[in-house]
Amino acid sequence: MSVVKKFLWPFLLAPFACAGEIPYPYLPVESTKPSAADFWHPRIETNRKVTVWHDLDECEKTRRLDNFRVAAGEKGGFYEGLRFNDSDVHKVVEGAARILGQGEDPKLEAAIDELIATMAKAQEKDGYLYTVMQLAHDQPVKGVVEGERWLHERESHETYCMGHLIEAGAVHFEQTGKRNLLDIAVKAADCIGRSFGPGKLELPSGHQEIEIALAKLAEVTGEKRYADLAHWFLEQRGRISDDRKGNWGPYFQDHQPVAEQNEAVGHAVRAAYQYMAMADIATLKDLQPYRDALHAIWENVAGRKLYLTGGIGGGNGEGFSGEYDLPNLGAYNETCSSIANILWQQRMFQLEGDAKYVEILERCLYNSFLSGVAMEGNTFFYPNKLTSADGATRTPWFACACCPPNVVRFIPQIPSFAYATHGDTIHVNLYGSNSTGIPIGGETVRLTQVSNYPWDGRVEITVGTEAEFTLALRVPGWLKTPFPSDLYRYAGGTDAEPTLTLNGGSLSANADGNGYVRLARKWNTGDKIVFDLPMPVRRVTADEKVESCHNRVALMRGPIVYAAEGPDNDGRVHSLLVPADAEFRALEQPDLLGGVTVLRGGIESLSWREPGAEPESTPHELTAIPYYAWAHRGREPMRVWLATTPAAAWPETPAAETSARIRTSGHLRWSNPGSVSDGLLPQSSTDPETPRFLWDDTSAKPIGAGTLEGGTHRGRNSRKVRWIQYDFLETREIHSCSFYWSTTNDGRAPASFRILYQKDGKWKPVGTELPEPVGNQLQTVRFPAVNTNAVRLEVTPRGRAKTGLYEWIVR
């Protein structure tokens with residue numbers, strides 16, 4: 001708890017009633033200070049020294065800050081950017097406030113105060129502050145109609161942006177004791193309160209956030225009306241009013257009233273923000289139907305829609321896919337949704353005190369979230385995939401830049417997840433090296449924790465106060481199972497049993513029904529607990545219903561999920577095969593990737609002498625790094641789930657035509673023409689886990705008359721012809737082509753294809769009769785050798801089916 005909250009609120013909030021915390025049964029401890037040896041300490045310092053300034057600089061360069069200056073009359077100009085850009089500024093301000101709450105930083109404080117002063121001038125008299133609407137007459141922006149406040153809430157992000165303003169104002173006051181931003185936040189909340197409610201506008205929020213913000217404002221000010229308004233907004237979902245023609249559907253979580261929802265659907269960040277707000281309001285207003293709905297949704301996510309790394313969002317429009325639909329290559333796992341998932345899991349723990357929620361929180365924290373921000377703190381991933389065919393690089397900023405500002409406001413909250421209180425019980429949820437002071441029964445209990453977690457499972461906790469209380473130590477679920485559900489299982493091995501001593505004497509380390517071992521006693525200064533958590537390397541398998549993980553295993557040690565990356569494996573990660581008897585060992589690498597423990601073991605690598613033939617196996621020494629650390633050494637392939645059978649691997653293939661330029665008649669935005677020469681063959685013609693190329697139907701054009709000897713593709717299908725070609729750097733002799741077609745779900749390959757080569761500026765067909773396209777295999781066509789500088793494949797699709805290729809090998 002910040003000094004401001006503990007000592008100054010009664011004086012600073014004289015106009016308001018009984019400010020305090022949302023009365024969760026289990027309350028986080030906000031005074032925890034990580035030591036320099038703690039895993040999170042360098043990340044927190046980087047966030048303070050680098051990330052917050054980087055984000056402010058990007059907001060300046062992209063004119064996000066200028067939008068406020070223009071609205072304030074401090075300069076001329078017009079609105080620039082996407083309609084929700086204000087929210088990025090508000091999130092950076094919230095992050096700065098949380099940093100200031102952890103220690104003085106006069107330079108940062110001055111920069112934020114200057115920005116807040118501009119916001120105060122930009123805010124209209126009635127409290128409205130949404131710069132795109134205020135400046136829309138100068139520069140029309142998608143989703144915003146000048147003079148029509150709130151009426152386009154489904155897409156406009158008005159309450160979303162003002163919600164982040166309100167949350168930033170509440171947090172800024174909580175952390176610094178200053179009212180300059182809180183006053184703006186209160187005016188904004190009152191503006192929304194005058195506009196929305198019974199007999200006023202009756203619309204839900206288009207993107208959930210205002211609900212969280214109003215609950216936070218109620219916490220800080222003690223004003224019940226803000227909690228009531230947050231509850232009212234939640235209750236509008238799944239309901240019809242005179243202000244809209246119909247519900248907005250599952251993507252917006254607007255298909256059912258929130259208390260009736262039992263499955264996670266739609267946009268993952270919207271959904272998790274809703275679940276956070278439901279937990280807040282369930283606590284503030286004692287709503288059992290909300291708790292029941294949250295339980296059902298949590299069971300749905302944990303048992304059917306959660307990645308091993310703790311991420312959510314299966315790639316369906318930034319949202320949840322169907323049950324067990326967890327693609328690795330196409331995973332979304334947005335950094336923002338990882339943050340939201342962690343904050344939702346924290347609230348679920350605070351509601352019930354069950355360690356199963358902390359299991360998912362911890363997994364997401366160390367894996368899916370942490371992958372989203374580079375160790376340097378100034379580049380980011382938007383999605384966090386579990387397979388990358390040829391590597392990826394983090395980006396300094398995005399046009400839709402929600403993730404970098406979310407990172408800066410989230411990282412300062414991490415220490416508050418370590419401990420929680422419930423009556424006279426102190427829960428130890430996360431392990432590391434830190435110190436804290438926790439009020440219990442009129443005493444401030446001092447605890448010091450020392451551990452090299454997550455690399456070493458030895459945890460030492462020293463009590464620094466003579467007091468009577470219960471210490472509840474979380475027994476990590478990963479000792480026995482990857483997750484608190486049947487979605488993932490350990491393959492083989494034995495359960496790891498922890499040991500526990502107090503002042504050298506052995507105690508039982510058995511967990512109770514909520515996942516804790518409880519030590520209730522009168523403690524003396526200097527009492528020392530040693531909790532040893534064994535960390536063997538474990539293989540993980542997924543439920544059979546998760547098709548993307550068939551015949552594959554992942555490697556875990558402690559809470560860390562591992563990945564194979566190119567630099568450690570001679571660039572070969574997709575061809576690797578893990579035999580059933582493979583053994584792995586953990587090895588500390590203090591000079592690698594900021595200091596990590598890697599896994600090593602003897603496995604196999606597969607290759608083809610001839611594509612499509614039986615692959616050959618050679619020994620390979622695998623090195624696996626923590627998943628979060630990938631993409632720090634250049635653009636290299638990466639894979640979390642490794643094959644256990646040859647059919648699940650991508651054997652190394654003989655060199656394809658990678659030296660040729662590839663041209664096409666057009667391709668879908670998210671598909672890559674380069675996939676046809678990446679040497680990666682799928683398990684089938686509908687394999688979603690292998691990169692593929694798909695033609696864009698709208699760009700198809702007929703081949704012009706006179707360009708092709710031997711006839712043209714004319715007639716009723718001429719308008720459907722697609723093409724792709726290799727332009728060689730020099731003339732070559734070619735004699736065969738091999739194709740692996742991408743087909744529709746019914747397995748039908750394209751209707752027909754032609755192979756053409758270029759001679760004297762004209763396209764000529766190869767001199768052989770061509771078979772019909774065949775799916776689910778590498779189809780090879782041999783023809784009399786020709787010399788050419790380009791070869792083209794022309795394809796006629798079957799009906800309206802999407803047409804494409806996984807691979808095209810030219811010999």
# chains A, B, ... in the order shown; residues from 1 in each chain; ligands from 1
>>> residues_around(residues="Asp66 of chain A", least_positions_apart="6", cutoff="10 Å", atoms="only C-alpha atoms", output="ChimeraX atom specification")
/A:59-60,72,74-80,118,131
>>> write_last_selection(atoms="all heavy atoms", output="CSV table (one decimal), in the first residue's frame")
chain,number,residue,atom,x,y,z
A,59,CYS,N,4.8,8.7,-28.1
A,59,CYS,CA,3.6,9.5,-28.1
A,59,CYS,C,3.8,10.9,-28.7
A,59,CYS,O,3.0,11.5,-29.3
A,59,CYS,CB,3.0,9.6,-26.7
A,59,CYS,SG,2.2,8.0,-26.1
A,60,GLU,N,5.0,11.4,-28.4
A,60,GLU,CA,5.4,12.7,-29.0
A,60,GLU,C,5.6,12.6,-30.5
A,60,GLU,O,5.0,13.4,-31.3
A,60,GLU,CB,6.7,13.2,-28.3
A,60,GLU,CG,7.1,14.6,-28.7
A,60,GLU,CD,6.2,15.7,-28.1
A,60,GLU,OE1,6.3,16.0,-27.0
A,60,GLU,OE2,5.3,16.2,-28.9
A,72,ALA,N,-6.3,21.7,-26.4
A,72,ALA,CA,-6.1,22.7,-25.3
A,72,ALA,C,-5.9,24.1,-25.8
A,72,ALA,O,-5.9,25.1,-25.0
A,72,ALA,CB,-4.9,22.3,-24.4
A,74,GLU,N,-3.1,25.1,-27.2
A,74,GLU,CA,-1.7,25.5,-27.0
A,74,GLU,C,-1.0,25.6,-28.3
A,74,GLU,O,0.1,26.2,-28.4
A,74,GLU,CB,-1.0,24.5,-26.1
A,74,GLU,CG,-1.5,24.4,-24.7
A,74,GLU,CD,-0.9,23.4,-23.9
A,74,GLU,OE1,-0.1,22.5,-24.4
A,74,GLU,OE2,-1.1,23.4,-22.6
A,75,LYS,N,-1.6,25.0,-29.4
A,75,LYS,CA,-1.0,25.1,-30.7
A,75,LYS,C,-2.1,24.9,-31.8
A,75,LYS,O,-3.1,24.3,-31.4
A,75,LYS,CB,0.2,24.1,-30.9
A,75,LYS,CG,-0.2,22.7,-30.8
A,75,LYS,CD,1.0,21.7,-30.9
A,75,LYS,CE,1.7,21.9,-32.2
A,75,LYS,NZ,2.8,20.9,-32.4
A,76,GLY,N,-1.8,25.2,-33.0
A,76,GLY,CA,-2.7,24.9,-34.1
A,76,GLY,C,-2.5,23.5,-34.6
A,76,GLY,O,-1.5,22.9,-34.4
A,77,GLY,N,-3.4,23.1,-35.5
A,77,GLY,CA,-3.3,21.8,-36.1
A,77,GLY,C,-4.6,21.0,-36.1
A,77,GLY,O,-5.7,21.6,-36.0
A,78,PHE,N,-4.5,19.7,-36.4
A,78,PHE,CA,-5.7,18.9,-36.5
A,78,PHE,C,-5.4,17.6,-35.8
A,78,PHE,O,-4.2,17.3,-35.5
A,78,PHE,CB,-6.1,18.7,-37.9
A,78,PHE,CG,-4.9,18.3,-38.8
A,78,PHE,CD1,-4.6,16.9,-39.0
A,78,PHE,CD2,-4.2,19.2,-39.5
A,78,PHE,CE1,-3.6,16.5,-39.8
A,78,PHE,CE2,-3.1,18.8,-40.3
A,78,PHE,CZ,-2.8,17.5,-40.5
A,79,TYR,N,-6.4,16.7,-35.6
A,79,TYR,CA,-6.2,15.4,-35.0
A,79,TYR,C,-5.4,14.5,-36.0
A,79,TYR,O,-5.7,14.5,-37.2
A,79,TYR,CB,-7.6,14.8,-34.7
A,79,TYR,CG,-7.4,13.5,-33.9
A,79,TYR,CD1,-7.3,13.5,-32.5
A,79,TYR,CD2,-7.3,12.3,-34.6
A,79,TYR,CE1,-7.2,12.3,-31.8
A,79,TYR,CE2,-7.1,11.1,-33.9
A,79,TYR,CZ,-7.1,11.1,-32.5
A,79,TYR,OH,-6.9,9.9,-31.8
A,80,GLU,N,-4.5,13.7,-35.4
A,80,GLU,CA,-3.8,12.8,-36.2
A,80,GLU,C,-3.8,11.4,-35.5
A,80,GLU,O,-3.7,11.3,-34.2
A,80,GLU,CB,-2.3,13.2,-36.4
A,80,GLU,CG,-2.2,14.3,-37.4
A,80,GLU,CD,-0.7,14.4,-37.9
A,80,GLU,OE1,0.0,13.4,-37.8
A,80,GLU,OE2,-0.4,15.5,-38.3
A,118,THR,N,-1.9,20.3,-19.6
A,118,THR,CA,-2.4,20.3,-20.9
A,118,THR,C,-3.8,19.6,-21.0
A,118,THR,O,-4.7,20.1,-21.6
A,118,THR,CB,-1.5,19.7,-21.9
A,118,THR,OG1,-0.2,20.5,-21.9
A,118,THR,CG2,-2.0,19.7,-23.3
A,131,THR,N,-10.1,13.7,-27.6
A,131,THR,CA,-9.6,14.7,-28.5
A,131,THR,C,-10.0,14.5,-29.9
A,131,THR,O,-10.2,15.5,-30.7
A,131,THR,CB,-8.1,14.8,-28.4
A,131,THR,OG1,-7.5,13.6,-28.9
A,131,THR,CG2,-7.6,15.1,-27.0
>>> closest_atom_pairs(of="segment 552-598 of chain A", to="segment 312-331 of chain A", cutoff="12 Å", atoms="only C-alpha atoms", output="Markdown table")
| residue | atom | partner | partner_atom | distance |
| --- | --- | --- | --- | --- |
| A:Arg552 | CA | A:Asn328 | CA | 11.5 |
| A:Ala554 | CA | A:Asn328 | CA | 11.8 |
| A:His574 | CA | A:Leu329 | CA | 11.7 |
>>> write_last_selection(atoms="N, CA, C and O atoms", output="PDB file, in the first residue's frame")
ATOM      1  N   ARG A 552       3.172 -34.028 -30.465  1.00  0.00           N
ATOM      2  CA  ARG A 552       4.182 -33.031 -30.108  1.00  0.00           C
ATOM      3  C   ARG A 552       4.276 -32.924 -28.592  1.00  0.00           C
ATOM      4  O   ARG A 552       3.312 -33.198 -27.874  1.00  0.00           O
ATOM      5  N   ALA A 554       6.007 -30.305 -25.359  1.00  0.00           N
ATOM      6  CA  ALA A 554       6.701 -29.086 -24.945  1.00  0.00           C
ATOM      7  C   ALA A 554       7.528 -29.419 -23.715  1.00  0.00           C
ATOM      8  O   ALA A 554       7.271 -30.413 -23.016  1.00  0.00           O
ATOM      9  N   HIS A 574      12.504 -26.862 -36.665  1.00  0.00           N
ATOM     10  CA  HIS A 574      11.276 -27.489 -37.144  1.00  0.00           C
ATOM     11  C   HIS A 574      11.475 -28.947 -37.529  1.00  0.00           C
ATOM     12  O   HIS A 574      10.512 -29.709 -37.593  1.00  0.00           O
TER      13      HIS A 574
END
>>> closest_atom_pairs(of="segment 268-379 of chain A", to="segment 201-209 of chain A", cutoff="7 Å", atoms="only C-alpha atoms", output="CSV")
residue,atom,partner,partner_atom,distance
A:Arg270,CA,A:Gln208,CA,5.3
A:Tyr273,CA,A:Gln208,CA,5.8
A:Gln274,CA,A:Gln208,CA,5.8
>>> write_last_selection(atoms="N, CA and C atoms", output="PDB file, in the first residue's frame")
ATOM      1  N   ARG A 270     -11.108  -7.284 -24.603  1.00  0.00           N
ATOM      2  CA  ARG A 270     -12.421  -6.842 -24.149  1.00  0.00           C
ATOM      3  C   ARG A 270     -12.970  -7.814 -23.096  1.00  0.00           C
ATOM      4  N   TYR A 273     -11.072  -7.717 -19.713  1.00  0.00           N
ATOM      5  CA  TYR A 273     -11.405  -6.480 -19.002  1.00  0.00           C
ATOM      6  C   TYR A 273     -12.797  -6.589 -18.377  1.00  0.00           C
ATOM      7  N   GLN A 274     -13.724  -7.205 -19.104  1.00  0.00           N
ATOM      8  CA  GLN A 274     -15.063  -7.399 -18.541  1.00  0.00           C
ATOM      9  C   GLN A 274     -14.999  -8.283 -17.295  1.00  0.00           C
TER      10      GLN A 274
END
>>> residues_around(residues="Leu370 of chain A", least_positions_apart="3", cutoff="9 Å", atoms="only C-alpha atoms", output="PyMOL selection string")
chain A and resi 335+364-367+373-375+627-629
>>> select_by_dssp(residues="segment 25-245 of chain A", states="helix (DSSP H, G or I)", output="PyMOL selection string")
chain A and resi 41-61+64-71+85-100+106-122+131-134+153-156+158-176+180-195+210-221+224-235
>>> closest_residue(among="A:Phe783, A:Trp723, A:Tyr26, A:Trp150", to="Thr796 of chain A", atoms="only C-alpha atoms")
A:Trp723
>>> atom_distance(atom1="atom CA of Trp808 of chain A", atom2="atom CA of Thr731 of chain A")
18.6 Å
>>> residues_around(residues="Cys161 of chain A", least_positions_apart="2", cutoff="12 Å", atoms="only C-alpha atoms", output="MDAnalysis selection string")
chainID A and resid 82:91 128:133 150 153 155:159 163:168 185 188:189 192 205:211 213 402
>>> select_by_dssp(residues="segment 8-215 of chain A", states="strand (DSSP E or B)", output="VMD selection string")
chain A and resid 27 to 28 33 to 34 196 201
>>> residues_around(residues="Ala643 of chain A", least_positions_apart="3", cutoff="7 Å", atoms="only C-alpha atoms", output="number ranges by chain")
A: 551-553, 576-578, 648-649
>>> residues_around(residues="segment 386-398 of chain A", least_positions_apart="3", cutoff="9 Å", atoms="only C-alpha atoms", output="CSV table (one decimal) with N, CA and C atoms, in the first residue's frame")
chain,number,residue,atom,x,y,z
A,54,HIS,N,10.7,5.9,-23.4
A,54,HIS,CA,10.5,5.5,-24.8
A,54,HIS,C,9.0,5.7,-25.2
A,55,ASP,N,8.1,5.3,-24.3
A,55,ASP,CA,6.6,5.5,-24.7
A,55,ASP,C,6.3,6.9,-24.8
A,58,GLU,N,7.6,8.1,-28.1
A,58,GLU,CA,6.8,7.7,-29.2
A,58,GLU,C,5.4,8.4,-29.3
A,309,THR,N,1.6,-21.3,-22.3
A,309,THR,CA,2.4,-20.2,-21.8
A,309,THR,C,1.5,-19.2,-21.0
A,327,PRO,N,-4.1,-22.8,-32.1
A,327,PRO,CA,-3.0,-22.9,-33.1
A,327,PRO,C,-1.7,-22.3,-32.5
A,328,ASN,N,-0.6,-22.9,-32.9
A,328,ASN,CA,0.7,-22.4,-32.5
A,328,ASN,C,1.3,-21.4,-33.5
A,329,LEU,N,1.3,-21.7,-34.8
A,329,LEU,CA,1.7,-20.8,-35.8
A,329,LEU,C,0.8,-19.6,-35.9
A,330,GLY,N,-0.5,-19.8,-35.8
A,330,GLY,CA,-1.4,-18.7,-35.9
A,330,GLY,C,-1.9,-18.1,-34.5
A,331,ALA,N,-1.2,-18.4,-33.5
A,331,ALA,CA,-1.6,-17.9,-32.1
A,331,ALA,C,-1.6,-16.4,-32.1
A,372,GLY,N,6.4,-10.5,-24.6
A,372,GLY,CA,5.9,-9.3,-25.3
A,372,GLY,C,6.8,-8.1,-25.2
A,373,VAL,N,7.8,-8.1,-24.3
A,373,VAL,CA,8.6,-6.9,-24.2
A,373,VAL,C,10.1,-7.4,-24.2
A,374,ALA,N,10.9,-6.7,-25.0
A,374,ALA,CA,12.3,-7.1,-25.0
A,374,ALA,C,13.0,-6.7,-23.7
A,378,ASN,N,12.5,-1.5,-25.0
A,378,ASN,CA,12.0,-0.5,-26.0
A,378,ASN,C,11.5,-1.1,-27.3
A,379,THR,N,11.3,-2.4,-27.3
A,379,THR,CA,10.7,-3.0,-28.4
A,379,THR,C,9.7,-4.1,-27.9
A,380,PHE,N,8.7,-4.4,-28.7
A,380,PHE,CA,7.5,-5.2,-28.2
A,380,PHE,C,7.0,-6.1,-29.3
A,381,PHE,N,6.4,-7.2,-28.8
A,381,PHE,CA,5.5,-8.0,-29.7
A,381,PHE,C,4.1,-7.6,-29.4
A,382,TYR,N,3.3,-7.6,-30.5
A,382,TYR,CA,1.9,-7.5,-30.4
A,382,TYR,C,1.3,-8.9,-30.1
A,401,ALA,N,-1.1,1.1,-30.9
A,401,ALA,CA,0.0,0.9,-30.0
A,401,ALA,C,-0.5,0.6,-28.6
A,402,CYS,N,-1.5,-0.2,-28.4
A,402,CYS,CA,-2.0,-0.5,-27.1
A,402,CYS,C,-1.0,-1.2,-26.2
A,403,CYS,N,-0.2,-2.1,-26.8
A,403,CYS,CA,0.7,-2.9,-25.9
A,403,CYS,C,1.8,-2.2,-25.2
A,404,PRO,N,2.6,-1.4,-25.9
A,404,PRO,CA,3.7,-0.7,-25.1
A,404,PRO,C,3.2,0.1,-23.9
A,563,ALA,N,11.6,-23.2,-25.4
A,563,ALA,CA,11.5,-23.2,-26.9
A,563,ALA,C,12.8,-23.5,-27.5
A,565,GLU,N,15.2,-22.5,-30.5
A,565,GLU,CA,15.4,-21.3,-31.4
A,565,GLU,C,16.7,-21.6,-32.2
A,566,GLY,N,16.7,-21.0,-33.4
A,566,GLY,CA,17.7,-21.2,-34.4
A,566,GLY,C,19.1,-21.1,-33.9
A,574,HIS,N,12.5,-26.9,-36.7
A,574,HIS,CA,11.3,-27.5,-37.1
A,574,HIS,C,11.5,-28.9,-37.5
A,627,TYR,N,11.1,-19.6,-23.3
A,627,TYR,CA,10.3,-19.0,-24.4
A,627,TYR,C,10.3,-17.5,-24.4
A,631,ALA,N,14.0,-14.4,-29.9
A,631,ALA,CA,14.0,-13.2,-30.7
A,631,ALA,C,14.8,-12.0,-30.1
A,632,HIS,N,15.9,-12.4,-29.4
A,632,HIS,CA,16.8,-11.4,-29.0
A,632,HIS,C,18.2,-11.5,-29.7
A,634,GLY,N,18.5,-11.7,-33.3
A,634,GLY,CA,18.3,-11.7,-34.8
A,634,GLY,C,17.0,-12.5,-35.1
A,635,ARG,N,16.7,-12.5,-36.4
A,635,ARG,CA,15.5,-13.2,-36.8
A,635,ARG,C,15.8,-14.6,-37.1
A,636,GLU,N,15.3,-15.5,-36.2
A,636,GLU,CA,15.6,-16.9,-36.2
A,636,GLU,C,14.3,-17.7,-36.0
A,637,PRO,N,14.2,-18.9,-36.6
A,637,PRO,CA,13.0,-19.7,-36.4
A,637,PRO,C,12.9,-20.2,-34.9
A,638,MET,N,11.7,-20.4,-34.5
A,638,MET,CA,11.5,-20.8,-33.1
A,638,MET,C,10.3,-21.8,-33.0
A,639,ARG,N,10.3,-22.7,-32.1
A,639,ARG,CA,9.2,-23.6,-31.9
A,639,ARG,C,9.1,-24.0,-30.4
A,640,VAL,N,7.9,-24.0,-29.8
A,640,VAL,CA,7.7,-24.5,-28.5
A,640,VAL,C,7.3,-26.0,-28.5
A,641,TRP,N,6.4,-26.4,-29.3
A,641,TRP,CA,5.9,-27.8,-29.4
A,641,TRP,C,6.8,-28.5,-30.4
A,675,SER,N,6.5,-18.5,-48.5
A,675,SER,CA,6.3,-19.8,-47.8
A,675,SER,C,6.5,-20.9,-48.8
A,678,ASP,N,10.1,-22.2,-48.4
A,678,ASP,CA,10.8,-22.3,-47.1
A,678,ASP,C,11.2,-23.7,-46.7
A,680,LEU,N,9.3,-26.2,-45.8
A,680,LEU,CA,8.5,-26.8,-44.8
A,680,LEU,C,7.3,-27.4,-45.4
A,689,GLU,N,-0.8,-25.4,-39.1
A,689,GLU,CA,0.4,-25.2,-38.4
A,689,GLU,C,1.7,-25.0,-39.3
A,690,THR,N,1.5,-25.1,-40.6
A,690,THR,CA,2.6,-24.9,-41.5
A,690,THR,C,2.3,-23.6,-42.4
A,691,PRO,N,3.3,-22.8,-42.5
A,691,PRO,CA,3.1,-21.6,-43.3
A,691,PRO,C,2.7,-21.9,-44.8
>>> decode(residues="segment 413-420 of chain A", atoms="all heavy atoms", output="CSV table (one decimal), in the first residue's frame")
chain,number,residue,atom,x,y,z
A,413,GLN,N,3.2,-3.2,-11.1
A,413,GLN,CA,2.3,-3.9,-10.3
A,413,GLN,C,2.7,-5.3,-9.9
A,413,GLN,O,2.2,-5.9,-9.0
A,413,GLN,CB,0.9,-4.0,-11.0
A,413,GLN,CG,0.3,-2.7,-11.4
A,413,GLN,CD,-1.0,-2.9,-12.1
A,413,GLN,OE1,-2.0,-3.4,-11.6
A,413,GLN,NE2,-1.1,-2.4,-13.4
A,414,ILE,N,3.8,-5.8,-10.6
A,414,ILE,CA,4.2,-7.2,-10.4
A,414,ILE,C,4.6,-7.5,-8.9
A,414,ILE,O,4.2,-8.5,-8.4
A,414,ILE,CB,5.4,-7.5,-11.3
A,414,ILE,CG1,4.9,-7.5,-12.8
A,414,ILE,CG2,6.0,-8.9,-11.0
A,414,ILE,CD1,5.9,-7.7,-13.8
A,415,PRO,N,5.3,-6.6,-8.2
A,415,PRO,CA,5.6,-6.9,-6.8
A,415,PRO,C,4.4,-7.1,-5.9
A,415,PRO,O,4.4,-7.9,-4.9
A,415,PRO,CB,6.4,-5.7,-6.3
A,415,PRO,CG,7.1,-5.2,-7.6
A,415,PRO,CD,6.0,-5.4,-8.6
A,416,SER,N,3.3,-6.5,-6.3
A,416,SER,CA,2.1,-6.6,-5.4
A,416,SER,C,1.4,-8.0,-5.5
A,416,SER,O,0.5,-8.3,-4.7
A,416,SER,CB,1.0,-5.5,-5.8
A,416,SER,OG,0.5,-5.8,-7.1
A,417,PHE,N,1.8,-8.8,-6.5
A,417,PHE,CA,1.3,-10.2,-6.6
A,417,PHE,C,2.0,-11.1,-5.7
A,417,PHE,O,1.5,-12.3,-5.5
A,417,PHE,CB,1.4,-10.7,-8.0
A,417,PHE,CG,0.9,-9.8,-9.1
A,417,PHE,CD1,1.5,-9.7,-10.4
A,417,PHE,CD2,-0.3,-9.0,-8.9
A,417,PHE,CE1,0.9,-8.9,-11.4
A,417,PHE,CE2,-0.8,-8.2,-9.9
A,417,PHE,CZ,-0.2,-8.2,-11.1
A,418,ALA,N,3.1,-10.8,-5.0
A,418,ALA,CA,3.9,-11.7,-4.3
A,418,ALA,C,3.2,-12.2,-3.0
A,418,ALA,O,3.2,-13.3,-2.6
A,418,ALA,CB,5.2,-11.1,-4.0
A,419,TYR,N,2.5,-11.2,-2.3
A,419,TYR,CA,1.9,-11.6,-1.0
A,419,TYR,C,0.5,-11.1,-1.0
A,419,TYR,O,0.1,-10.1,-1.7
A,419,TYR,CB,2.6,-10.9,0.1
A,419,TYR,CG,4.1,-11.2,0.3
A,419,TYR,CD1,5.1,-10.5,-0.4
A,419,TYR,CD2,4.5,-12.3,1.0
A,419,TYR,CE1,6.4,-10.8,-0.2
A,419,TYR,CE2,5.9,-12.6,1.1
A,419,TYR,CZ,6.8,-11.9,0.5
A,419,TYR,OH,8.1,-12.2,0.6
A,420,ALA,N,-0.3,-11.7,-0.1
A,420,ALA,CA,-1.7,-11.2,0.1
A,420,ALA,C,-2.1,-11.5,1.6
A,420,ALA,O,-1.5,-12.4,2.2
A,420,ALA,CB,-2.7,-11.9,-0.8
